[in-house]
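Enquirer: One structure is given below, represented as structure tokens, and several questions about it will come after.
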Amino acid sequence: MLRNPTKRPRVRRLVSAAAAGTALALLLAACNGAATANQGTSKDASITVAAGDITTENFNPFSSTALQPTLGVIYEPLYWYNFAKQSEPTPVLATGFSWNAAGTELTIKTRHDVKWNDGQPFTAKDVAFTFNLVAKTPALNPSGLAATAKATSDDTAVLTFKTKSLMQEPAVLANQAIVPEHIWKDIKDPTTNLNKNPVGTGPFKVKSFTPQSFVLTKNDQYWEAGKPTIKEVRYLPVASADAASAALVAGKVDWASAYLPGIDNIMKSGKNLTYVNTPVMTTVIVTCSNAALGCTGPQTDPAVRKAIYLAMNREQLAKLAGGGVAGVGSPTMLLPGRDDNWIADAATAKLPQSADTDAANKALDAAGWVKGSDGVRAKDGKRLSLTVQTVTGWSDYILINDTLKQQLAAVGIELKPSQVSWNEWNAAQTNGKFQLSLDSVGLGASTNPYFTYNNKLATTNTAPVGKSASAGNQSRFSNPAVDAALTAAAGTTDQAAQKAEYAKIQSIIEDQLPYIPVYVNSMLTEFNTSRATGWPTKDNLYVLPAAWKAWDAGIVLKTIKPAS
């Protein structure tokens with residue numbers, strides 16, 4: 001019986017003030033050019049969104065570097081999950097789905113009366129085409145989706161898997177943009193095509209593009225009656241926290257997602273400004289942990305990773321780098337509060353907030369790391385010296401590294417912070433050419449822990465150093481017991497049985513610490529309510545409201561209304 005339930009660079013961390021002047025001038029110049037459109041009447045209301053780098057006109061929904069509104073605003077999935085809370089999937093292009101008894105066949109019912117924005121009808125044939133394209137193109141399929149698809153009617157698509165695949169459900173339903181067969185069947189290389197004239201089913205479509213800004217206009221053929229009511233959406237590049245703050249206060253930007261130190265004072269500068277904080281991603285130190293797969297350095301020793309974990313003063317880190325808006329994380333890598341039902345041991349559900357230098361020293365002593373005359377430990381003639389990388393301009397992460405350098409020195413660990421470009425950081429982490437790297441975890445295909453654990457811990461999702469671990473396990477972690485627990489969890493929909501398997505995983509990662517959790521990072525999103533109302537609020541988190549968030553952005557833009 002059919003059920004009908006009711007990863008890209010982003011503007012979260014911004015460059016420091018040293019680089020802000022030029023960016024601010026450029027942004028405000030661009031904003032002034034858009035001011036006339038933004039000051040329109042409620043009948044033709046337009047809004048402006050602060051975006052990241054927009055120099056490349058890329059609307060390819062299969063690309064990890066597609067422009068911000070590609071997923072959710074222009075292209076849509078079958079269903080959508082609200083990551084702000086535990087929830088059932090919401091229908092988008094589908095109206096129902098069911099599995100066969102063996103868990104190898106997924107039948108999807110598609111919505112009627114949907115059109116692509118070029119006027120062609122959307123049918124189940126487009127759904128089948130999309131999943132077959134993914135299955136036959138390895139570069140589009142880092143998650144290893146192993147399904148073939150067939151449209152058995154205009155409103156029914158059937159996906160057939162080689163093995164029991166119940167845990168593929170969220171990835172299939174809610175994390176895959178559906179593309180039109182009549183367009184993509186003629187695209188020779190879907191991995192490189194920039195798709196400059198995107199044809200989607202979403203509430204908006206592209207009107208114009210320049211490297212300084214681009215504009216989306218409402219899709220008058222959109223399937224959901226009466227939506228959207230906003231006429232145009234302009235995206236402008238924002239390169240710094242100062243630029244974002246100035247543009248918000250000046251009323252030139254209506255929606256931004258940026259870490260703004262002293263945000264409460266900034267909000268007081270404009271009567272129409274408001275914000276929400278939706279922390280759902282845990283900041284972690286990714287360690288290249290597995291010597292058997294080619295990782296080198298002291299961090300391959302679990303005792304060193306444990307000492308780093310214990311020596312952290314997280315209260316200090318949250319105050320200095322988190323700006324007072326970071327949350328308390330969990331050693332399970334899950335989210336306290338939202339994910340409590342999945343955390344096996346309530347006694348260890350939250351990270352220690354103060355440093356335990358005695359325990360850290362004991363762990364290193366027992367592992368044979370001896371302090372030298374300079375205070376730095378050594379073993380077998382090798383100093384306990386580690387390099388940690390982050391991206392130039394990620395000011396909060398830079399401050400974490402600088403503060404950790406002092407905290408870890410107290411237990412004989414020398415930490416050397418390094419700042420690199422985003423491309424260098426990503427390449428090093430993906431290919432295993434690093435020792436420690438600051439990143440975040442927490443957004444999978446759904447809020448079920450399987451999608452965090454499988455992505456970050458499964459042996460099948462990693463690779464030897466020098467080869468790409470783009471599937472997600474960039475720590476190179478490999479543990480047979482974890483793999484067995486993941487396999488068992490994937491084979492059932494019984495949440496009690498899944499929780500028992502996750503308990504095994506949590507016990508192992510709390511001991512091995514391939515990812516060393518720091519805190520739950522803030523996710524600040526700022527709004528100007530003078531031109532549009534209906535933005536998410538603390539009391540009505542109908543989405544995860546970050547402007548860069550795939551899928552959710554489309555929900556926001558079709559929900560907000562022109563201010564009266």
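Labels for the structure tokens follow display order: chains A, B, ..., residues from 1 in each chain, ligands from 1.
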Return as a ChimeraX atom specification the full set of residues in segment 252-335 of chain A whose backbone-based DSSP assignment is strand (DSSP E or B).
Expert: /A:255-256,273-277,282-287,327
Enquirer: Report the closest atom pair, with its distance in Å rounded to one decimal, for each residue of segment 55-93 of chain A that has an atom no farther than 9 Å from segment 225-248 of chain A; count only C-alpha atoms, sort by chain and then rising residue number, and write it as JSON lines.
Expert:
{"residue": "A:Thr55", "atom": "CA", "partner": "A:Pro237", "partner_atom": "CA", "distance": 8.8}
{"residue": "A:Gln68", "atom": "CA", "partner": "A:Tyr235", "partner_atom": "CA", "distance": 8.7}
{"residue": "A:Pro69", "atom": "CA", "partner": "A:Tyr235", "partner_atom": "CA", "distance": 8.9}
Enquirer: With a distance cut-off of 9 Å and only C-alpha atoms, select the neighbouring residues of Val73 of chain A, excluding the residue or stretch itself and same-chain residues fewer than 5 positions from it, and output the selection as a PyMOL selection string.
Expert: chain A and resi 68+200-205+550-555+557-558
Enquirer: As a ChimeraX atom specification, please: the residues near segment 403-407 of chain A (cut-off 12 Å, only C-alpha atoms, same-chain neighbours under 5 positions excluded).
Expert: /A:285,307-322,354-357,360,385-388,396-398,412-418,438,518
Enquirer: For Arg383 of chain A, which residue out of A:Thr130, A:Thr210, A:Ala303, A:Pro298 is the nearest one, using only C-alpha atoms?
Expert: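 Among A:Thr130, A:Thr210, A:Ala303, A:Pro298, it is A:Pro298 that comes nearest to Arg383 of chain A.
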Enquirer: I need the residue nearest Asp345 of chain A from this list: A:Asn100, A:Ser507, A:Asn82, A:Ser421. Use only C-alpha atoms for the distance.
Expert: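 Using only C-alpha atoms, the shortest distance to Asp345 of chain A belongs to A:Ser507.
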Enquirer: Counting only C-alpha atoms, what is within 9 Å of Thr110 of chain A, bar same-chain residues fewer than 6 positions away, as JSON, numbers by chain?
Expert: {"A": [78, 92, 93, 94, 95, 96, 97, 122, 123, 124, 127, 154, 155, 156, 157]}
Enquirer: Compile the contact shell of Lys371 of chain A as a PyMOL selection string: residues with an atom at most 10 Å away, counting only C-alpha atoms, same-chain residues fewer than 4 positions apart removed.
Expert: chain A and resi 361+364-365+375-379+383-384+411-413
Enquirer: Might you pull out every residue within 6 Å of Gln419 of chain A, with only C-alpha atoms counted and same-chain residues fewer than 5 positions away left off, and present them as an mmCIF file with N, CA and C atoms, in the first residue's frame?
Expert:
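Result file around-v8.cif:
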data_model
loop_
_atom_site.group_PDB
_atom_site.id
_atom_site.type_symbol
_atom_site.label_atom_id
_atom_site.label_comp_id
_atom_site.auth_asym_id
_atom_site.auth_seq_id
_atom_site.Cartn_x
_atom_site.Cartn_y
_atom_site.Cartn_z
ATOM 1 N N GLN A 389 44.503 22.108 9.242
ATOM 2 C CA GLN A 389 44.177 23.030 8.162
ATOM 3 C C GLN A 389 42.749 23.562 8.282
ATOM 4 N N THR A 390 42.579 24.779 7.844
ATOM 5 C CA THR A 390 41.249 25.337 7.624
ATOM 6 C C THR A 390 41.332 26.298 6.451
ATOM 7 N N VAL A 391 40.193 26.834 6.060
ATOM 8 C CA VAL A 391 40.122 27.667 4.867
ATOM 9 C C VAL A 391 40.419 29.124 5.222
ATOM 10 N N THR A 392 41.248 29.761 4.424
ATOM 11 C CA THR A 392 41.516 31.176 4.589
ATOM 12 C C THR A 392 40.199 31.945 4.581
#
Enquirer: Go through segment 295-373 of chain A residue by residue and, counting only C-alpha atoms, keep those with an atom at most 8 Å from segment 499-505 of chain A; for each kept residue give the shortest atom pair and its distance in Å to one decimal, ordered by chain and increasing number, as JSON lines.
Expert:
{"residue": "A:Trp342", "atom": "CA", "partner": "A:Lys499", "partner_atom": "CA", "distance": 5.9}
{"residue": "A:Ile343", "atom": "CA", "partner": "A:Ala503", "partner_atom": "CA", "distance": 7.3}
{"residue": "A:Ala344", "atom": "CA", "partner": "A:Ala503", "partner_atom": "CA", "distance": 5.3}
{"residue": "A:Asp345", "atom": "CA", "partner": "A:Ala503", "partner_atom": "CA", "distance": 7.9}
Enquirer: From a DSSP pass on the backbone, collect the residues of segment 60-239 of chain A flagged as helix (DSSP H, G or I) and hand them back as JSON, numbers by chain.
Expert: {"A": [70, 71, 72, 73, 74, 124, 125, 126, 127, 128, 129, 130, 131, 132, 133, 134, 135, 136, 138, 139, 140, 166, 167, 168, 169, 170, 171, 172, 173, 174, 181, 182, 183, 184]}
Enquirer: Could you build a table of the residues in segment 59-102 of chain A lying no more than 10 Å from segment 179-194 of chain A, giving for each the nearest pair of atoms and their separation in Å rounded to one decimal place, using only C-alpha atoms, ordered by chain and ascending residue number, as JSON lines?
Expert:
{"residue": "A:Phe59", "atom": "CA", "partner": "A:Leu194", "partner_atom": "CA", "distance": 5.9}
{"residue": "A:Asn60", "atom": "CA", "partner": "A:Leu194", "partner_atom": "CA", "distance": 5.4}
{"residue": "A:Pro61", "atom": "CA", "partner": "A:Val179", "partner_atom": "CA", "distance": 8.2}
{"residue": "A:Phe62", "atom": "CA", "partner": "A:Thr191", "partner_atom": "CA", "distance": 7.0}
{"residue": "A:Ser63", "atom": "CA", "partner": "A:Thr191", "partner_atom": "CA", "distance": 6.9}
{"residue": "A:Ser64", "atom": "CA", "partner": "A:Thr191", "partner_atom": "CA", "distance": 10.0}
{"residue": "A:Thr65", "atom": "CA", "partner": "A:Leu194", "partner_atom": "CA", "distance": 10.0}
{"residue": "A:Ala66", "atom": "CA", "partner": "A:Leu194", "partner_atom": "CA", "distance": 8.2}
{"residue": "A:Tyr75", "atom": "CA", "partner": "A:Val179", "partner_atom": "CA", "distance": 7.3}
{"residue": "A:Glu76", "atom": "CA", "partner": "A:Val179", "partner_atom": "CA", "distance": 8.6}
{"residue": "A:Pro77", "atom": "CA", "partner": "A:Val179", "partner_atom": "CA", "distance": 9.3}
Enquirer: My list of candidates is A:Met333, A:Leu145, A:Ala50, A:Val370. Which is closest to Leu457 of chain A when distances are computed with only C-alpha atoms?
Expert: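 Of the candidates, the smallest distance to Leu457 of chain A is held by A:Met333.
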